[in-house]
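As provided, start_21.cif (mmCIF, C-alpha atoms and all ligand atoms) reads as follows.
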data_run
#
loop_
_atom_site.label_atom_id
_atom_site.label_comp_id
_atom_site.auth_asym_id
_atom_site.auth_seq_id
_atom_site.Cartn_x
_atom_site.Cartn_y
_atom_site.Cartn_z
CA MET A 518 -23.83 14.59 3.97
CA GLN A 519 -20.19 14.70 5.04
CA ALA A 520 -20.77 11.80 7.46
CA GLN A 521 -22.36 9.74 4.69
CA THR A 522 -19.37 10.27 2.40
CA GLU A 523 -17.01 9.35 5.23
CA GLY A 524 -19.03 6.22 5.96
CA ARG A 525 -18.82 5.14 2.34
CA ARG A 526 -15.09 5.83 2.30
CA GLU A 527 -14.52 3.61 5.35
CA ALA A 528 -16.63 0.87 3.81
CA ASN A 529 -14.64 1.11 0.56
CA LEU A 530 -11.34 0.98 2.45
CA ALA A 531 -12.62 -2.12 4.26
CA LEU A 532 -13.69 -3.65 0.95
CA LEU A 533 -10.21 -3.14 -0.54
CA LEU A 534 -8.54 -4.55 2.55
CA ARG A 535 -10.73 -7.65 2.48
CA THR A 536 -10.19 -8.10 -1.28
CA LEU A 537 -6.41 -7.91 -0.81
CA ARG A 538 -6.70 -10.35 2.08
CA ALA A 539 -8.65 -12.86 0.02
CA ARG A 540 -6.86 -12.48 -3.32
CA GLY A 541 -3.72 -10.33 -3.00
CA PRO A 542 -1.21 -9.32 -4.26
CA LEU A 543 -3.23 -7.41 -6.88
CA SER A 544 -2.69 -4.51 -9.26
CA ARG A 545 -4.88 -1.42 -9.06
CA ALA A 546 -6.84 -2.57 -12.11
CA GLN A 547 -7.38 -6.01 -10.58
CA LEU A 548 -8.45 -4.46 -7.27
CA ALA A 549 -10.90 -2.17 -9.04
CA ALA A 550 -12.37 -5.12 -10.94
CA GLY A 551 -12.42 -7.34 -7.82
CA SER A 552 -14.15 -4.74 -5.66
CA ASP A 553 -16.51 -3.20 -8.25
CA LEU A 554 -14.98 0.24 -7.70
CA SER A 555 -13.62 2.53 -10.42
CA LYS A 556 -9.85 2.86 -10.83
CA ALA A 557 -10.20 6.57 -10.02
CA THR A 558 -11.88 5.72 -6.69
CA VAL A 559 -9.37 3.01 -5.86
CA ALA A 560 -6.19 5.12 -6.29
CA PRO A 561 -6.65 7.53 -3.34
CA LEU A 562 -8.03 4.75 -1.13
CA LEU A 563 -4.90 2.67 -1.76
CA ALA A 564 -2.72 5.67 -0.91
CA ASP A 565 -4.66 5.94 2.37
CA LEU A 566 -4.15 2.25 3.24
CA GLU A 567 -0.44 2.60 2.50
CA GLN A 568 -0.18 5.71 4.70
CA ARG A 569 -1.70 3.70 7.54
CA GLY A 570 1.03 1.12 7.02
CA LEU A 571 -1.51 -1.57 6.11
CA THR A 572 -0.31 -2.28 2.57
CA GLN A 573 2.93 -2.29 0.63
CA ARG A 574 4.10 -2.58 -2.96
CA ALA A 575 4.90 -6.10 -4.14
CA GLY A 576 6.64 -5.90 -7.53
CA THR A 577 4.96 -5.41 -10.89
CA THR A 578 2.76 -7.40 -13.18
CA THR A 579 2.11 -7.03 -16.91
CA THR A 580 -1.47 -7.14 -18.14
CA GLN A 581 -2.26 -6.60 -21.83
CA GLY A 582 1.27 -5.35 -22.39
CA ARG A 583 1.07 -2.65 -19.68
CA PRO A 584 3.06 -2.85 -16.48
CA GLY A 585 1.14 -2.46 -13.22
CA GLN A 586 2.24 -2.07 -9.60
CA LEU A 587 1.17 -4.96 -7.38
CA ILE A 588 -0.09 -4.20 -3.88
CA GLN A 589 -0.31 -6.58 -0.92
CA LEU A 590 -1.07 -6.46 2.78
CA ARG A 591 1.98 -5.56 4.84
CA PRO A 592 2.88 -8.58 7.01
CA GLY A 593 3.02 -7.81 10.72
CA ALA A 594 1.47 -4.35 10.30
CA VAL A 595 -1.53 -4.97 12.52
CA CYS A 596 -2.01 -7.75 15.03
CA GLY A 597 -4.93 -9.38 16.78
CA ILE A 598 -4.45 -11.19 20.09
CA GLY A 599 -6.43 -14.33 20.88
CA LEU A 600 -6.53 -15.76 24.41
CA ASP A 601 -7.87 -19.23 25.14
CA VAL A 602 -8.77 -21.24 28.23
CA HIS A 603 -8.80 -25.02 28.56
CA PRO A 604 -8.96 -27.23 31.64
CA GLY A 605 -5.43 -26.97 33.06
CA HIS A 606 -3.94 -24.33 30.78
CA VAL A 607 -4.36 -20.92 29.16
CA GLY A 608 -2.84 -19.69 25.90
CA ALA A 609 -2.18 -16.67 23.70
CA THR A 610 -1.98 -16.45 19.91
CA ILE A 611 -0.99 -13.46 17.81
CA THR A 612 -2.07 -13.23 14.17
CA ASP A 613 -1.53 -10.46 11.64
CA LEU A 614 -3.84 -9.27 8.86
CA THR A 615 -2.42 -11.83 6.42
CA GLY A 616 -3.53 -14.58 8.83
CA GLU A 617 0.04 -15.58 9.70
CA VAL A 618 0.47 -16.73 13.29
CA HIS A 619 3.33 -14.77 14.88
CA LEU A 620 3.26 -16.33 18.30
CA ARG A 621 1.66 -19.12 20.28
CA ARG A 622 2.30 -19.26 24.01
CA GLN A 623 0.75 -21.61 26.59
CA THR A 624 0.90 -21.73 30.40
CA SER A 625 -0.27 -24.37 32.88
CA CYS A 626 -2.80 -22.98 35.31
CA ASP A 627 -5.58 -24.03 37.69
CA THR A 628 -8.41 -22.91 35.44
CA ASN A 629 -11.07 -24.09 37.92
CA ALA A 630 -10.22 -20.99 39.96
CA PRO A 631 -11.56 -18.22 37.68
CA GLU A 632 -9.74 -15.36 39.42
CA HIS A 633 -6.42 -17.18 39.11
CA ALA A 634 -7.14 -18.01 35.45
CA LEU A 635 -7.92 -14.33 34.78
CA ASP A 636 -4.59 -13.37 36.42
CA GLN A 637 -2.79 -15.73 34.06
CA LEU A 638 -4.75 -14.49 31.03
CA ALA A 639 -3.93 -10.89 31.95
CA ASP A 640 -0.27 -11.85 32.23
CA LEU A 641 -0.37 -13.47 28.77
CA ALA A 642 -2.10 -10.37 27.39
CA ARG A 643 0.63 -8.08 28.78
CA LYS A 644 3.38 -10.29 27.33
CA ALA A 645 1.58 -10.43 23.96
CA LEU A 646 1.36 -6.63 23.88
CA LYS A 647 5.11 -6.45 24.42
CA ASP A 648 5.59 -8.93 21.58
CA VAL A 649 3.59 -6.79 19.17
CA ALA A 650 5.17 -3.54 20.36
CA LYS A 651 6.10 -2.41 16.85
CA ALA A 652 2.73 -3.26 15.33
CA ASP A 653 -0.68 -1.74 15.93
CA TRP A 654 -2.81 -4.13 17.96
CA THR A 655 -6.49 -4.03 17.22
CA GLY A 656 -7.98 -6.06 20.03
CA ILE A 657 -8.09 -9.08 22.29
CA THR A 658 -10.65 -11.85 21.93
CA VAL A 659 -10.97 -14.58 24.54
CA ALA A 660 -12.09 -18.05 23.38
CA VAL A 661 -14.18 -19.79 26.04
CA PRO A 662 -15.10 -23.51 25.95
CA GLY A 663 -18.68 -22.76 26.98
CA ARG A 664 -21.28 -20.02 26.78
CA ALA A 665 -19.89 -16.59 26.08
CA ASP A 666 -22.16 -13.55 26.29
CA ARG A 667 -20.62 -11.08 23.86
CA GLU A 668 -22.78 -8.21 25.13
CA THR A 669 -21.68 -8.45 28.76
CA GLY A 670 -18.31 -10.24 28.43
CA ILE A 671 -19.52 -12.90 30.89
CA ALA A 672 -18.76 -16.61 30.43
CA THR A 673 -20.18 -19.84 31.84
CA ALA A 674 -18.24 -23.03 31.15
CA THR A 675 -19.21 -26.28 32.90
CA ARG A 676 -15.94 -27.96 32.05
CA LEU A 677 -13.97 -25.15 33.74
CA ARG A 678 -16.52 -24.95 36.58
CA TRP A 679 -17.05 -21.31 35.61
CA ARG A 680 -20.41 -19.78 36.40
CA GLU A 681 -21.00 -16.25 35.13
CA VAL A 682 -17.37 -15.16 35.19
CA ALA A 683 -16.90 -11.52 34.16
CA VAL A 684 -14.02 -12.18 31.75
CA VAL A 685 -13.84 -8.84 29.92
CA ASP A 686 -14.27 -6.70 33.05
CA GLY A 687 -11.75 -8.87 34.90
CA LEU A 688 -9.14 -8.53 32.16
CA ALA A 689 -9.71 -4.80 31.78
CA ALA A 690 -9.29 -4.27 35.54
CA ARG A 691 -6.07 -6.29 35.59
CA THR A 692 -4.44 -4.84 32.47
CA GLY A 693 -5.86 -1.31 32.31
CA LEU A 694 -6.65 -1.93 28.63
CA PRO A 695 -9.82 -0.42 27.16
CA ILE A 696 -12.92 -2.62 27.35
CA THR A 697 -13.88 -1.48 23.85
CA ARG A 698 -10.97 -3.45 22.44
CA MET A 699 -11.82 -6.71 24.22
CA ASP A 700 -14.45 -9.34 23.66
CA ILE A 701 -15.23 -13.01 24.25
CA ASP A 702 -16.78 -15.73 22.14
CA ASN A 703 -17.41 -19.45 22.18
CA GLU A 704 -14.34 -21.45 21.21
CA THR A 705 -16.08 -23.62 18.62
CA ASN A 706 -17.62 -20.59 16.90
CA LEU A 707 -14.15 -19.06 16.73
CA ALA A 708 -12.68 -22.29 15.35
CA ALA A 709 -15.36 -22.25 12.63
CA TYR A 710 -14.40 -18.65 11.92
CA ALA A 711 -10.72 -19.69 11.55
CA GLU A 712 -11.68 -22.55 9.22
CA HIS A 713 -13.86 -20.21 7.19
CA ASP A 714 -10.92 -17.82 6.93
CA THR A 715 -8.74 -20.50 5.32
CA ASP A 716 -11.52 -21.47 2.87
CA PRO A 717 -14.38 -18.94 2.76
CA VAL A 718 -17.21 -21.17 1.49
CA ASP A 719 -20.73 -19.85 2.18
CA ASP A 720 -21.99 -22.84 4.14
CA LEU A 721 -19.67 -24.65 6.52
CA VAL A 722 -20.02 -26.88 9.56
CA TYR A 723 -17.06 -27.27 11.92
CA LEU A 724 -17.22 -30.02 14.55
CA ASN A 725 -14.71 -29.60 17.36
CA GLY A 726 -13.74 -33.13 18.53
CA ASP A 727 -13.09 -32.50 22.22
CA HIS A 728 -14.54 -33.45 25.63
CA SER A 729 -17.68 -31.48 24.81
CA VAL A 730 -18.85 -31.89 21.24
CA ALA A 731 -20.11 -28.75 19.54
CA ALA A 732 -20.45 -27.39 16.03
CA GLY A 733 -19.70 -23.96 14.63
CA VAL A 734 -22.18 -23.38 11.82
CA ILE A 735 -21.70 -20.81 9.07
CA ALA A 736 -24.73 -20.34 6.81
CA ASN A 737 -24.70 -17.88 3.91
CA GLY A 738 -21.31 -16.67 5.15
CA VAL A 739 -22.65 -15.77 8.60
CA LEU A 740 -22.10 -17.59 11.90
CA VAL A 741 -25.37 -19.04 13.24
CA ARG A 742 -25.77 -18.12 16.93
CA GLY A 743 -29.41 -18.91 17.58
CA ALA A 744 -32.05 -17.05 19.59
CA ASP A 745 -30.29 -17.63 22.89
CA ASN A 746 -26.67 -18.01 21.71
CA ARG A 747 -26.95 -21.80 21.99
CA ALA A 748 -26.87 -22.85 18.32
CA GLY A 749 -24.35 -25.57 17.61
CA GLU A 750 -24.67 -27.53 20.87
CA VAL A 751 -25.01 -30.67 18.77
CA GLY A 752 -23.27 -32.93 21.31
CA HIS A 753 -26.63 -33.03 23.10
CA MET A 754 -28.65 -34.34 20.17
CA VAL A 755 -30.14 -37.54 21.61
CA LEU A 756 -29.11 -40.18 19.08
CA ASP A 757 -29.39 -43.24 21.30
CA GLN A 758 -32.66 -43.09 23.29
CA LEU A 759 -31.93 -46.42 24.93
CA GLY A 760 -28.29 -45.63 25.61
CA SER A 761 -27.02 -46.55 29.06
CA THR A 762 -24.55 -43.69 29.43
CA PHE A 763 -25.63 -40.49 31.11
CA CYS A 764 -24.41 -37.24 29.61
CA GLY A 765 -23.08 -34.27 31.59
CA CYS A 766 -26.39 -32.53 30.75
CA GLY A 767 -28.30 -35.17 32.76
CA ARG A 768 -29.89 -36.97 29.82
CA ARG A 769 -29.09 -40.34 28.32
CA GLY A 770 -27.82 -41.15 24.86
CA CYS A 771 -26.53 -37.74 23.79
CA TRP A 772 -24.19 -37.83 20.76
CA GLU A 773 -21.41 -36.62 23.08
CA THR A 774 -21.61 -39.87 25.09
CA GLN A 775 -20.72 -41.67 21.85
CA VAL A 776 -18.19 -39.40 20.16
CA GLY A 777 -16.90 -37.07 22.90
CA LEU A 778 -13.22 -37.37 23.83
CA ASP A 779 -14.01 -38.87 27.27
CA ALA A 780 -16.11 -41.64 25.76
CA PHE A 781 -13.48 -42.30 23.12
CA LEU A 782 -10.55 -42.48 25.58
CA HIS A 783 -12.46 -44.83 27.87
CA ALA A 784 -13.25 -47.07 24.94
CA CYS A 785 -9.55 -47.07 23.99
CA ALA A 786 -7.85 -47.91 27.25
CA PRO A 787 -8.34 -48.84 30.94
CA ARG A 788 -8.44 -46.08 33.57
CA HIS A 789 -4.75 -46.23 34.58
CA ASP A 790 -3.47 -45.99 31.00
CA GLN A 791 -1.30 -42.97 30.10
CA VAL A 792 -3.80 -41.74 27.49
CA HIS A 793 -5.97 -40.59 30.42
CA ASN A 794 -3.17 -38.54 31.98
CA PRO A 795 -4.36 -34.90 31.88
CA ARG A 796 -0.77 -33.70 32.22
CA LEU A 797 0.05 -35.12 28.79
CA ALA A 798 -0.82 -32.72 25.97
CA GLN A 799 -3.77 -33.84 23.85
CA GLY A 800 -1.53 -34.06 20.79
CA GLU A 801 0.80 -36.48 22.61
CA ARG A 802 -2.07 -38.67 23.78
CA MET A 803 -3.41 -38.85 20.25
CA SER A 804 0.01 -39.76 18.92
CA ILE A 805 0.17 -42.70 21.38
CA LEU A 806 -3.22 -43.91 20.12
CA ARG A 807 -2.19 -43.43 16.49
CA THR A 808 0.85 -45.65 17.05
CA ARG A 809 -1.33 -48.32 18.69
CA ALA A 810 -3.81 -48.22 15.81
CA GLU A 811 -1.02 -48.50 13.25
CA ARG A 812 0.32 -51.52 15.09
CA GLY A 813 -3.13 -53.10 14.87
CA ASP A 814 -4.08 -52.93 18.57
CA ALA A 815 -7.55 -54.50 18.67
CA ARG A 816 -9.06 -52.35 21.45
CA THR A 817 -7.89 -49.07 19.89
CA LEU A 818 -9.12 -50.06 16.43
CA ASP A 819 -12.49 -51.18 17.83
CA ALA A 820 -12.91 -47.83 19.61
CA LEU A 821 -11.98 -45.98 16.42
CA HIS A 822 -14.43 -47.94 14.27
CA ARG A 823 -17.30 -47.48 16.73
CA THR A 824 -16.58 -43.77 17.04
CA ALA A 825 -16.40 -43.37 13.25
CA ALA A 826 -19.80 -45.08 12.91
CA ALA A 827 -21.38 -42.92 15.63
CA LEU A 828 -19.86 -39.83 14.04
CA ALA A 829 -21.44 -40.78 10.72
CA SER A 830 -24.93 -40.99 12.31
CA GLY A 831 -24.73 -37.49 13.76
CA LEU A 832 -23.12 -36.01 10.67
CA SER A 833 -25.97 -37.30 8.53
CA VAL A 834 -28.39 -35.32 10.73
CA LEU A 835 -26.27 -32.17 10.35
CA THR A 836 -26.01 -32.71 6.58
CA SER A 837 -29.77 -33.14 6.18
CA LEU A 838 -30.52 -30.13 8.36
CA LEU A 839 -27.94 -27.68 7.07
CA ASN A 840 -26.85 -28.90 3.62
CA PRO A 841 -23.34 -27.45 4.07
CA GLN A 842 -20.76 -27.16 1.28
CA LYS A 843 -18.31 -28.94 3.52
CA ILE A 844 -17.93 -30.34 7.02
CA VAL A 845 -14.62 -29.87 8.82
CA LEU A 846 -13.72 -32.17 11.71
CA GLY A 847 -11.27 -30.73 14.23
CA GLY A 848 -9.63 -31.69 17.54
CA TYR A 849 -9.08 -35.40 18.12
CA PHE A 850 -11.13 -36.31 15.03
CA ALA A 851 -8.49 -34.57 12.90
CA ALA A 852 -5.59 -36.01 14.91
CA LEU A 853 -6.89 -39.52 14.11
CA GLN A 854 -8.22 -38.62 10.68
CA ASP A 855 -7.21 -41.86 8.92
CA TRP A 856 -9.79 -43.73 11.04
CA LEU A 857 -12.31 -41.02 11.94
CA VAL A 858 -12.45 -38.64 8.96
CA ALA A 859 -11.41 -40.68 5.91
CA PRO A 860 -14.29 -43.22 6.25
CA GLN A 861 -16.96 -40.48 6.46
CA LYS A 862 -19.17 -40.51 3.39
CA GLN A 863 -21.90 -37.89 3.39
CA GLU A 864 -23.73 -37.69 0.10
CA LYS A 865 -22.39 -34.73 -1.90
CA THR A 866 -20.88 -33.12 1.21
CA PRO A 867 -17.11 -33.45 1.55
CA VAL A 868 -15.93 -34.20 5.09
CA THR A 869 -12.38 -33.01 5.72
CA ALA A 870 -9.94 -32.87 8.64
CA SER A 871 -9.04 -29.48 10.08
CA THR A 872 -5.43 -28.48 9.46
CA LEU A 873 -5.48 -26.07 12.42
CA GLY A 874 -5.11 -28.72 15.12
CA PHE A 875 -6.18 -28.22 18.72
CA THR A 876 -5.55 -24.47 18.52
CA ALA A 877 -8.19 -23.66 15.87
CA GLY A 878 -10.28 -21.79 18.47
CA ALA A 879 -7.27 -19.78 19.66
CA ARG A 880 -6.41 -18.85 16.10
CA GLY A 881 -10.01 -17.87 15.42
CA ALA A 882 -9.89 -15.64 18.51
CA ALA A 883 -6.81 -13.81 17.18
CA LEU A 884 -8.50 -13.38 13.78
CA ALA A 885 -11.71 -12.17 15.43
CA ALA A 886 -9.65 -9.57 17.29
CA LEU A 887 -8.67 -8.17 13.87
CA ARG A 888 -12.30 -7.58 12.85
CA ARG A 889 -12.18 -4.00 14.14
CA VAL A 890 -9.66 -3.03 11.49
CA LEU A 891 -11.18 -5.23 8.78
CA ASP A 892 -14.52 -3.47 9.34
CA ASP A 893 -12.97 0.00 9.45
CA PRO A 894 -9.29 0.40 8.47
CA THR A 895 -9.31 4.04 9.68
CA VAL A 896 -9.06 2.80 13.29
CA VAL A 897 -5.36 2.39 12.43
CA PRO A 898 -3.87 5.90 12.53
CA LEU A 899 -2.01 7.48 9.61
CA LYS A 900 1.71 7.00 10.16
CA GLU A 901 3.60 10.10 11.15
CA GLY A 902 6.00 11.40 8.53
CA THR A 903 4.32 9.54 5.67
CA PRO A 904 6.86 10.43 2.97
CA LYS A 905 5.44 13.02 0.59
CA GLN A 906 7.71 11.90 -2.28
CA ASP A 907 6.05 8.50 -1.96
CA ARG A 908 2.69 10.01 -2.65
CA GLN A 909 4.13 11.95 -5.60
CA ARG A 910 5.76 8.82 -7.02
CA GLU A 911 2.44 7.04 -6.57
CA GLY A 912 0.74 9.75 -8.66
CA ALA A 913 3.47 9.70 -11.33
CA SER A 914 3.37 5.96 -11.85
CA ALA A 915 -0.43 5.81 -12.11
ZN ZN B 1001 -26.18 -34.19 26.80
#

Could you take the file, read its structure, and then write that structure out as structure tokens?
Ligand SMILES: [Zn+2]
Amino acid sequence: MQAQTEGRREANLALLLRTLRARGPLSRAQLAAGSDLSKATVAPLLADLEQRGLTQRAGTTTTQGRPGQLIQLRPGAVCGIGLDVHPGHVGATITDLTGEVHLRRQTSCDTNAPEHALDQLADLARKALKDVAKADWTGITVAVPGRADRETGIATATRLRWREVAVVDGLAARTGLPITRMDIDNETNLAAYAEHDTDPVDDLVYLNGDHSVAAGVIANGVLVRGADNRAGEVGHMVLDQLGSTFCGCGRRGCWETQVGLDAFLHACAPRHDQVHNPRLAQGERMSILRTRAERGDARTLDALHRTAAALASGLSVLTSLLNPQKIVLGGYFAALQDWLVAPQKQEKTPVTASTLGFTAGARGAALAALRRVLDDPTVVPLKEGTPKQDRQREGASA
């Protein structure tokens, strides 16, 4: 009986935290209405969240002539750490409960050597923990550009030449941090999660716009993973049966051979051109191409128009299959949105450019690392020396 009551209390705390996250700052009355709890239930729960340092007062509001205390999430109170791996570099992102990014750090690294990459990731994790020293950190999530087994913490990523790399075990061994606070996930799924966090529609498709083309699909508010964790590998939909280009998967005519970043770059410029230089950041390469397109360079514009048309074909399949409320295009699609996103017309489904840039997956990883506290705020301990007079004042002003 006691356990049941406790369980309900944790769930109610989580509900209040999520309501504040989505709609705060709010008064007690607004929180009660927004969470379907009574005002009497809400008051002690809010005191609890404040004693854990998760919320703070944010001025007053007047509703129907009566003043009410506004409550909001406390910025920087709790942090999630996201780590990401891309060919040639690794990164770390720290986000707090409000979704604000506190830090983004990136290091060059030979990611084809998994042990070396894990060393670098562990180093970034240690530095990130120093950066959040004053906050509670809830967890570390690693975004992998490939298959990520969340049960075992093992990743396989063709592009990194990783086969069954024990990411979570490797990081735990190097940092001494508890395995229970670490997990991995696919980068595109995490990017979809980050997009969904900025605009929580029930049905969303995020398409990444990178070397490998994949979609993160959210249906009824839940990420679609599939029976074997392979949902969303839409780059391998065969859209051109007679296509001459072989895909990395061994087949011909996959969508990725038409709209993947490799195909696009090769359509844009000859092999020696600087846009193929892997040492240049993707953002810089896209900015070079944007300038060429704005100047009317025929080859660049032709590549953009062909890519936009091929994108439209695949998007129409996704629209028919999933009927999403919106489609978000990320990565290089977003960087060249005037040519690749703006022309997309899917009946009744808005197609928009991601505002999160090439780090959407990293940001999603940091947000995912916060799930522990969003699911159960009591994992954050009560602060020592919670001032008693505060609690009394709280009671008096109610
Ligand atoms: Zn393929």

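Here CA of Gly749 (chain A) is placed at a distance of 19.3 Å from CA of Pro867 (chain A).
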
Quiz item: Got a sec: who's within 8 Å of region 647-658 of chain A, counting only C-alpha atoms, leaving out chain neighbours fewer than 2 positions off, as an MDAnalysis selection string?
Solution: chainID A and resid 593:600 642:645 660 698:702 882:883 885:887 889:890 897

Self-check item: Who sits within 6 Å of Gly605 (chain A), only C-alpha atoms, same chain under 3 positions skipped, as a ChimeraX atom specification
Solution: /A:625-628

Practice problem: Compile the contact shell of Tyr723 (chain A) as a VMD selection string: residues with an atom at most 7 Å away, counting only C-alpha atoms, same-chain residues fewer than 4 positions apart removed. | Solution: chain A and resid 709 732 to 734 844 to 846

Quiz item: Suppose you want the space between CA of Gly874 (chain A) and CA of Thr715 (chain A); what is it in Å?
Solution: 13.3 Å

Quiz prompt | Residues within 12 Å of (8.0, -17.5, 17.0), counting all atoms listed in the file, listed as a count of residues only | solution = 12

Quiz item: When distances are computed from all atoms listed in the file, which of A:Ala859, A:Leu532, A:Cys771, A:Ala674 shows the smallest separation from ligand ZN 1001 (chain B)?
Solution: A:Cys771

Cut-off 8 Å, all atoms listed in the file, neighbours of ligand ZN 1001 (chain B) as a PDB file with C-alpha atoms, in the frame of the given file:
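Output below, filename part-v7.pdb:
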ATOM      1  CA  GLY A 752     -23.270 -32.930  21.310  1.00  0.00           C
ATOM      2  CA  HIS A 753     -26.630 -33.030  23.100  1.00  0.00           C
ATOM      3  CA  MET A 754     -28.650 -34.340  20.170  1.00  0.00           C
ATOM      4  CA  VAL A 755     -30.140 -37.540  21.610  1.00  0.00           C
ATOM      5  CA  PHE A 763     -25.630 -40.490  31.110  1.00  0.00           C
ATOM      6  CA  CYS A 764     -24.410 -37.240  29.610  1.00  0.00           C
ATOM      7  CA  GLY A 765     -23.080 -34.270  31.590  1.00  0.00           C
ATOM      8  CA  CYS A 766     -26.390 -32.530  30.750  1.00  0.00           C
ATOM      9  CA  GLY A 767     -28.300 -35.170  32.760  1.00  0.00           C
ATOM     10  CA  ARG A 768     -29.890 -36.970  29.820  1.00  0.00           C
ATOM     11  CA  ARG A 769     -29.090 -40.340  28.320  1.00  0.00           C
ATOM     12  CA  GLY A 770     -27.820 -41.150  24.860  1.00  0.00           C
ATOM     13  CA  CYS A 771     -26.530 -37.740  23.790  1.00  0.00           C
ATOM     14  CA  TRP A 772     -24.190 -37.830  20.760  1.00  0.00           C
ATOM     15  CA  GLU A 773     -21.410 -36.620  23.080  1.00  0.00           C
ATOM     16  CA  THR A 774     -21.610 -39.870  25.090  1.00  0.00           C
TER      17      THR A 774
END

Quiz prompt | Neighbour list for Ala736 (chain A) as a ChimeraX atom specification, cut-off 9 Å, all atoms listed in the file, skip fewer than 3 positions in-chain | solution = /A:719-722,739-741,839,841

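Atom pair CA of Gln589 (chain A) / CA of Val659 (chain A) has a distance of 28.7 Å (rounded to one decimal).
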
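Considering the residues A:Gly608, A:Pro584, A:Gly570, A:Gly813 and counting all atoms listed in the file, Ala634 (chain A) has its shortest atom-to-atom contact with A:Gly608.
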
Quiz item: For Arg676 (chain A), which of A:Ala528, A:Ala639, A:Leu838, A:Val602 is the closest residue, counting only C-alpha atoms?
Solution: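 Of A:Ala528, A:Ala639, A:Leu838, A:Val602, the one nearest Arg676 (chain A) is A:Val602, counting only C-alpha atoms.
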
Quiz item: Neighbours of Ala683 (chain A) within 12 Å (only C-alpha atoms; same-chain residues fewer than 3 positions away dropped), as a PyMOL selection string?
Solution: chain A and resi 631-632+634-635+659+661+665-674+679-680+686-690+696+700-701
